[in-house]
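Input: a single structure, listed below in structure tokens.
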Amino acid sequence: MAAIRAAMLAQEVVLVERNPVLGRKLLLSGKGRCNITNACQLDAFLERFFSGGQFLRDAFKKFFNVELMAFCAESGLKLKIERQNRVFPTSDNSATVVKFFKRELLKNKVEILFGRIVVDILLEGNRVKGTVFKDGKTLSCDRVILATGGASYSFTGSDGLGMRIAERLGHTIVRLQPALVPLETKQRYPLEGLTLKNIRIKFSDGKKEIVSGIGELLFTSAGISGPLVLTLSGKIATWLNERRRVYAEIDLKPALSREEVLERLNRQFREYARKNLRNNTKELLPARLVDVFISLAKIAPEKKASYITRKERQRLADLLKGFRMDIERTAPLEEAMVTQGGVSLSQINPRTMESRIVKGLYFAGEMIDVDADTGGFNLQAAFSTGYLAGESAALS
């Protein structure tokens, strides 16, 4: 987007691509469908950012979701809006989006250098004068836009090299950590692949709490994932980095209070007094969860409902409202959908995306310290900062 916008303003633009093809990371986005943006209003959009949302206001004023969708439509990329205002290509294929951008690059006469890696930036005084490639060759230029991504999914090329270059030039790099990432737990139950719907999660370190909305959770071989977990994982990563002991409590019946859950259990056990606990629990929970749940409650699964004591019913109610799992770590940064951290926002001009330290150097995309929830928000931030960086570099 940065290259296209700069070239639209009659500049000579070279796009340096380390891979032999364009858009390897874009191909993975949206589970291969490319959730290109989100169609919600600006204030609601900004609320979905974990950090740096307000910094993006100038970029969004210049080029937001309406402008992005119009740009795509005018140039032949058909889009559709799905639930939660998520915007996808009508083809349901990320390759369509990559082809679209490649077509726009060629149309605007952007020169693309494939298989080339920039390892440093040449300065004269405090101003950009060129770049240095891995093979030692150089390229003279007046402006450089660094848009090399975060540090996850490094096989796509985003291995944090751009941030290391920025740091050598004097920029502060806010600690990199995973966001939108699964969490690994102490307990490893045989529940891999099980999705729990309409549940709520409370994360706590014993003093502070974070409570999710109602949504879905997915059990993995190493712990938990799913939309609710991914959304809060960046905050949990920060707690874990501070060496806090973190646990999660899954509320399996968030629509009911503990008292209402207990009353439901009493009513069900009266109605099905001759059924054993396992069969009664199947009325309350997914079948795969039943045996794990009963084991944690420490009640014999074959015990008839009529013989389950008051204290045992209270234990069942407590467990339904607080299925606890101890969080040990996040999955590695390499496996995160988004990198949290990056070039410090205090060192970037939000009206131009230019460095406040090096003249002629601009930043765009995930390498700056902004990150958001799933749903098209991170890609829109990349497109908006790219557009603003490209325009600012060209007009300067």
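Residue names in the structure tokens use chain letters A, B, ... in the order shown, residue numbers from 1 in each chain, and ligand numbers from 1 in the order shown.
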
What are the closest atom pairs, with distances in Å to one decimal, for each residue of segment 290-340 of chain A lying within 10 Å of segment 372-383 of chain A, using only C-alpha atoms, rows by chain and rising residue number, as a tab-separated table?
residue	atom	partner	partner_atom	distance
A:Met337	CA	A:Thr374	CA	8.8
A:Val338	CA	A:Asn378	CA	8.2
A:Thr339	CA	A:Ala372	CA	9.9
A:Gln340	CA	A:Ala372	CA	9.0

Those same residues - C-alpha atoms - I'd like them written as a PDB file, in the first residue's frame.
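Dumped everything to out_14.pdb:
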ATOM      1  CA  MET A 337      -1.097 -14.127  14.976  1.00  0.00           C
ATOM      2  CA  VAL A 338       0.195 -10.671  15.953  1.00  0.00           C
ATOM      3  CA  THR A 339       3.371  -9.261  17.506  1.00  0.00           C
ATOM      4  CA  GLN A 340       2.812  -6.930  20.446  1.00  0.00           C
TER       5      GLN A 340
END

Contacts of segment 172-186 of chain A within 7 Å, only C-alpha atoms, excl. fewer than 3 positions in-chain, as a compact mmCIF listing (two decimals) with N, CA and C atoms, in the first residue's frame:
# COMPACT_ATOMS: atom_id res chain seq x y z
N GLU A 167 16.39 -0.15 15.58
CA GLU A 167 17.08 -0.03 16.88
C GLU A 167 18.51 0.44 16.69
N ALA A 222 -2.10 -28.39 24.41
CA ALA A 222 -1.25 -27.77 25.43
C ALA A 222 -2.01 -26.83 26.35
N GLY A 223 -3.29 -26.58 26.06
CA GLY A 223 -4.02 -25.64 26.91
C GLY A 223 -5.30 -25.16 26.28
N ILE A 224 -5.43 -23.83 26.13
CA ILE A 224 -6.68 -23.23 25.63
C ILE A 224 -6.41 -22.19 24.56
N SER A 225 -7.38 -22.06 23.66
CA SER A 225 -7.31 -21.07 22.60
C SER A 225 -8.76 -20.65 22.30
N VAL A 229 -9.89 -16.39 24.35
CA VAL A 229 -8.52 -16.51 24.83
C VAL A 229 -7.59 -15.65 24.00
N LEU A 230 -7.70 -15.72 22.68
CA LEU A 230 -6.82 -14.96 21.81
C LEU A 230 -6.94 -13.46 22.07
N THR A 231 -8.17 -12.98 22.26
CA THR A 231 -8.40 -11.56 22.47
C THR A 231 -7.67 -11.03 23.70
N SER A 233 -5.07 -12.59 25.26
CA SER A 233 -3.75 -13.21 25.44
C SER A 233 -2.61 -12.20 25.55
N GLY A 234 -2.72 -11.05 24.89
CA GLY A 234 -1.66 -10.05 24.99
C GLY A 234 -1.52 -9.53 26.41
N ALA A 237 0.03 -12.22 28.49
CA ALA A 237 1.48 -12.29 28.23
C ALA A 237 2.23 -11.27 29.07
N MET A 325 -8.12 -23.40 35.41
CA MET A 325 -6.91 -23.89 34.76
C MET A 325 -5.79 -22.89 35.04
N ASP A 326 -4.63 -23.40 35.41
CA ASP A 326 -3.48 -22.54 35.72
C ASP A 326 -2.68 -22.28 34.44
N ILE A 327 -2.43 -21.00 34.16
CA ILE A 327 -1.72 -20.60 32.95
C ILE A 327 -0.22 -20.59 33.22
N GLU A 328 0.52 -21.34 32.44
CA GLU A 328 1.98 -21.41 32.63
C GLU A 328 2.72 -20.46 31.71
N ARG A 329 2.27 -20.35 30.47
CA ARG A 329 2.96 -19.51 29.49
C ARG A 329 2.05 -19.32 28.28
N THR A 330 2.43 -18.41 27.41
CA THR A 330 1.78 -18.33 26.11
C THR A 330 2.48 -19.30 25.16
N ALA A 331 1.84 -19.61 24.07
CA ALA A 331 2.56 -20.31 22.99
C ALA A 331 3.67 -19.37 22.50
N LEU A 333 6.16 -16.79 20.50
CA LEU A 333 5.91 -15.64 19.62
C LEU A 333 5.80 -16.07 18.17
N GLU A 335 4.35 -18.47 16.96
CA GLU A 335 3.03 -19.00 16.65
C GLU A 335 1.92 -17.97 16.83
N ALA A 336 2.28 -16.75 17.23
CA ALA A 336 1.28 -15.71 17.47
C ALA A 336 0.76 -15.12 16.16
N MET A 337 -0.52 -14.77 16.15
CA MET A 337 -1.10 -14.13 14.98
C MET A 337 -0.57 -12.70 14.82
N VAL A 338 -0.24 -12.07 15.96
CA VAL A 338 0.19 -10.67 15.95
C VAL A 338 1.35 -10.51 16.94
N THR A 339 2.28 -9.62 16.61
CA THR A 339 3.37 -9.26 17.51
C THR A 339 2.98 -8.01 18.28
N GLN A 340 3.04 -8.10 19.60
CA GLN A 340 2.81 -6.93 20.45
C GLN A 340 4.15 -6.28 20.73
N GLY A 341 4.21 -4.95 20.67
CA GLY A 341 5.48 -4.24 20.82
C GLY A 341 5.98 -3.79 19.45
N GLY A 342 7.17 -3.21 19.44
CA GLY A 342 7.73 -2.71 18.18
C GLY A 342 8.32 -1.32 18.36
N VAL A 343 8.48 -0.59 17.26
CA VAL A 343 9.07 0.75 17.31
C VAL A 343 8.18 1.65 18.17
N SER A 344 8.79 2.33 19.13
CA SER A 344 8.04 3.17 20.07
C SER A 344 7.27 4.27 19.34
N ASP A 369 4.45 -0.12 17.34
CA ASP A 369 3.86 -0.65 18.57
C ASP A 369 2.34 -0.42 18.63

Note to self: Neighbouring residues of segment 95-106 of chain A were defined as those with any atom within 9 Å, considering only C-alpha atoms; residues of the same chain fewer than 2 positions away were excluded. Please report them as a list in words.
What the structure shows: Met1, Ala3, Ile4, Ala7, Leu22, Gly23, Arg24, Leu26, Leu27, Gly32, Arg33, Cys34, Ile36, Cys72, Ser75, Gly76, Leu77, Pro89, Ser91, Asp92, Asn93, Asn108, Lys109, Val110, Glu111 and Ile112 of chain A

Notebook entry, point to check: For the atom pair atom CA of Gly115 of chain A and atom CA of Val16 of chain A, what is the interatomic distance in Å to one decimal place?
Noted result: 8.1 Å

Note to self: Show me, as a PyMOL selection string, the residues that have an atom within 8 Å of segment 128-142 of chain A when counting only C-alpha atoms, minus same-chain residues fewer than 6 positions from it.
What the structure shows: chain A and resi 116-122+358-361

Just write the chosen residues, N, CA and C atoms, as a PDB file, in the first residue's frame.
ATOM      1  N   ARG A 116      15.585 -10.044  -2.331  1.00  0.00           N
ATOM      2  CA  ARG A 116      16.624  -9.138  -1.835  1.00  0.00           C
ATOM      3  C   ARG A 116      16.316  -8.772  -0.389  1.00  0.00           C
ATOM      4  N   ILE A 117      17.334  -8.773   0.452  1.00  0.00           N
ATOM      5  CA  ILE A 117      17.153  -8.471   1.871  1.00  0.00           C
ATOM      6  C   ILE A 117      17.941  -7.218   2.228  1.00  0.00           C
ATOM      7  N   VAL A 118      17.247  -6.201   2.731  1.00  0.00           N
ATOM      8  CA  VAL A 118      17.898  -4.989   3.224  1.00  0.00           C
ATOM      9  C   VAL A 118      18.356  -5.244   4.654  1.00  0.00           C
ATOM     10  N   VAL A 119      19.648  -5.022   4.924  1.00  0.00           N
ATOM     11  CA  VAL A 119      20.179  -5.280   6.263  1.00  0.00           C
ATOM     12  C   VAL A 119      20.560  -3.997   7.001  1.00  0.00           C
ATOM     13  N   ASP A 120      20.614  -2.871   6.276  1.00  0.00           N
ATOM     14  CA  ASP A 120      20.950  -1.614   6.949  1.00  0.00           C
ATOM     15  C   ASP A 120      20.502  -0.437   6.083  1.00  0.00           C
ATOM     16  N   ILE A 121      20.468   0.721   6.705  1.00  0.00           N
ATOM     17  CA  ILE A 121      20.093   1.947   6.014  1.00  0.00           C
ATOM     18  C   ILE A 121      21.252   2.925   6.091  1.00  0.00           C
ATOM     19  N   LEU A 122      21.618   3.505   4.946  1.00  0.00           N
ATOM     20  CA  LEU A 122      22.720   4.466   4.879  1.00  0.00           C
ATOM     21  C   LEU A 122      22.217   5.855   5.256  1.00  0.00           C
ATOM     22  N   VAL A 358      15.349   9.974  12.567  1.00  0.00           N
ATOM     23  CA  VAL A 358      16.056   9.960  11.277  1.00  0.00           C
ATOM     24  C   VAL A 358      15.163  10.581  10.212  1.00  0.00           C
ATOM     25  N   LYS A 359      15.641  11.609   9.550  1.00  0.00           N
ATOM     26  CA  LYS A 359      14.874  12.268   8.490  1.00  0.00           C
ATOM     27  C   LYS A 359      14.788  11.358   7.265  1.00  0.00           C
ATOM     28  N   GLY A 360      13.606  11.291   6.685  1.00  0.00           N
ATOM     29  CA  GLY A 360      13.433  10.490   5.478  1.00  0.00           C
ATOM     30  C   GLY A 360      13.153   9.019   5.735  1.00  0.00           C
ATOM     31  N   LEU A 361      13.019   8.635   7.019  1.00  0.00           N
ATOM     32  CA  LEU A 361      12.707   7.249   7.368  1.00  0.00           C
ATOM     33  C   LEU A 361      11.276   7.183   7.895  1.00  0.00           C
TER      34      LEU A 361
END

Residues of segment 187-219 of chain A that approach segment 278-292 of chain A to 10 Å or less, counting only C-alpha atoms: could you list each one with the shortest pair of atoms and its distance in Å to one decimal, rows by chain and increasing residue number, as JSON lines?
{"residue": "A:Tyr189", "atom": "CA", "partner": "A:Val292", "partner_atom": "CA", "distance": 7.3}
{"residue": "A:Pro190", "atom": "CA", "partner": "A:Val292", "partner_atom": "CA", "distance": 8.2}
{"residue": "A:Leu191", "atom": "CA", "partner": "A:Arg288", "partner_atom": "CA", "distance": 6.9}
{"residue": "A:Glu192", "atom": "CA", "partner": "A:Arg288", "partner_atom": "CA", "distance": 9.8}
{"residue": "A:Leu194", "atom": "CA", "partner": "A:Arg288", "partner_atom": "CA", "distance": 7.5}
{"residue": "A:Thr195", "atom": "CA", "partner": "A:Pro286", "partner_atom": "CA", "distance": 9.1}
{"residue": "A:Leu196", "atom": "CA", "partner": "A:Pro286", "partner_atom": "CA", "distance": 8.0}
{"residue": "A:Lys197", "atom": "CA", "partner": "A:Pro286", "partner_atom": "CA", "distance": 9.9}

Check: Which residues in segment 31-272 of chain A does DSSP call alpha helix (DSSP H)? List them as number ranges by chain.
Finding: A: 42-46, 57-62, 65-74, 94-107, 161-168, 227-241, 258-271

Next item on the list: Rank nothing, just name the residue among A:Val370, A:Thr90, A:Phe114, A:Gly162 nearest to Arg48 of chain A, using only C-alpha atoms.
Entry: A:Val370

Check: Counting only C-alpha atoms, what is within 9 Å of Gln347 of chain A, bar same-chain residues fewer than 2 positions away, as a PyMOL selection string?
Finding: chain A and resi 171-172+343-345+349+354-357

Any chance you can output those residues with N, CA, C and O atoms as a PDB file, in the first residue's frame?
ATOM      1  N   HIS A 171      16.315   3.978  17.540  1.00  0.00           N
ATOM      2  CA  HIS A 171      14.925   3.899  17.981  1.00  0.00           C
ATOM      3  C   HIS A 171      14.765   2.910  19.131  1.00  0.00           C
ATOM      4  O   HIS A 171      15.477   1.908  19.208  1.00  0.00           O
ATOM      5  N   THR A 172      13.823   3.207  19.988  1.00  0.00           N
ATOM      6  CA  THR A 172      13.483   2.310  21.091  1.00  0.00           C
ATOM      7  C   THR A 172      12.500   1.261  20.602  1.00  0.00           C
ATOM      8  O   THR A 172      11.496   1.595  19.967  1.00  0.00           O
ATOM      9  N   VAL A 343       8.483  -0.593  17.255  1.00  0.00           N
ATOM     10  CA  VAL A 343       9.069   0.752  17.313  1.00  0.00           C
ATOM     11  C   VAL A 343       8.176   1.650  18.166  1.00  0.00           C
ATOM     12  O   VAL A 343       6.968   1.736  17.956  1.00  0.00           O
ATOM     13  N   SER A 344       8.788   2.327  19.132  1.00  0.00           N
ATOM     14  CA  SER A 344       8.043   3.170  20.066  1.00  0.00           C
ATOM     15  C   SER A 344       7.272   4.272  19.335  1.00  0.00           C
ATOM     16  O   SER A 344       7.820   4.976  18.479  1.00  0.00           O
ATOM     17  N   LEU A 345       6.009   4.428  19.704  1.00  0.00           N
ATOM     18  CA  LEU A 345       5.157   5.432  19.056  1.00  0.00           C
ATOM     19  C   LEU A 345       5.643   6.849  19.337  1.00  0.00           C
ATOM     20  O   LEU A 345       5.392   7.761  18.539  1.00  0.00           O
ATOM     21  N   ASN A 349       6.093  10.299  14.061  1.00  0.00           N
ATOM     22  CA  ASN A 349       5.113  11.381  13.883  1.00  0.00           C
ATOM     23  C   ASN A 349       3.810  10.772  13.380  1.00  0.00           C
ATOM     24  O   ASN A 349       3.764  10.258  12.258  1.00  0.00           O
ATOM     25  N   GLU A 354       6.644   9.474   9.818  1.00  0.00           N
ATOM     26  CA  GLU A 354       8.099   9.653   9.720  1.00  0.00           C
ATOM     27  C   GLU A 354       8.748   9.525  11.091  1.00  0.00           C
ATOM     28  O   GLU A 354       8.181   9.920  12.111  1.00  0.00           O
ATOM     29  N   SER A 355       9.947   8.980  11.098  1.00  0.00           N
ATOM     30  CA  SER A 355      10.740   8.886  12.318  1.00  0.00           C
ATOM     31  C   SER A 355      11.037  10.282  12.853  1.00  0.00           C
ATOM     32  O   SER A 355      11.314  11.213  12.088  1.00  0.00           O
ATOM     33  N   ARG A 356      10.996  10.426  14.167  1.00  0.00           N
ATOM     34  CA  ARG A 356      11.409  11.691  14.792  1.00  0.00           C
ATOM     35  C   ARG A 356      12.921  11.726  15.019  1.00  0.00           C
ATOM     36  O   ARG A 356      13.454  12.734  15.479  1.00  0.00           O
ATOM     37  N   ILE A 357      13.596  10.631  14.682  1.00  0.00           N
ATOM     38  CA  ILE A 357      15.033  10.520  14.930  1.00  0.00           C
ATOM     39  C   ILE A 357      15.840  10.618  13.638  1.00  0.00           C
ATOM     40  O   ILE A 357      16.887  11.265  13.587  1.00  0.00           O
TER      41      ILE A 357
END

Checklist line | For Asp159 of chain A: contacts at 12 Å, only C-alpha atoms, fewer than 4 positions along chain excluded, given as a PyMOL selection string | finding: chain A and resi 18+25+117+147-155+163-165+176+333-334+339+366-367
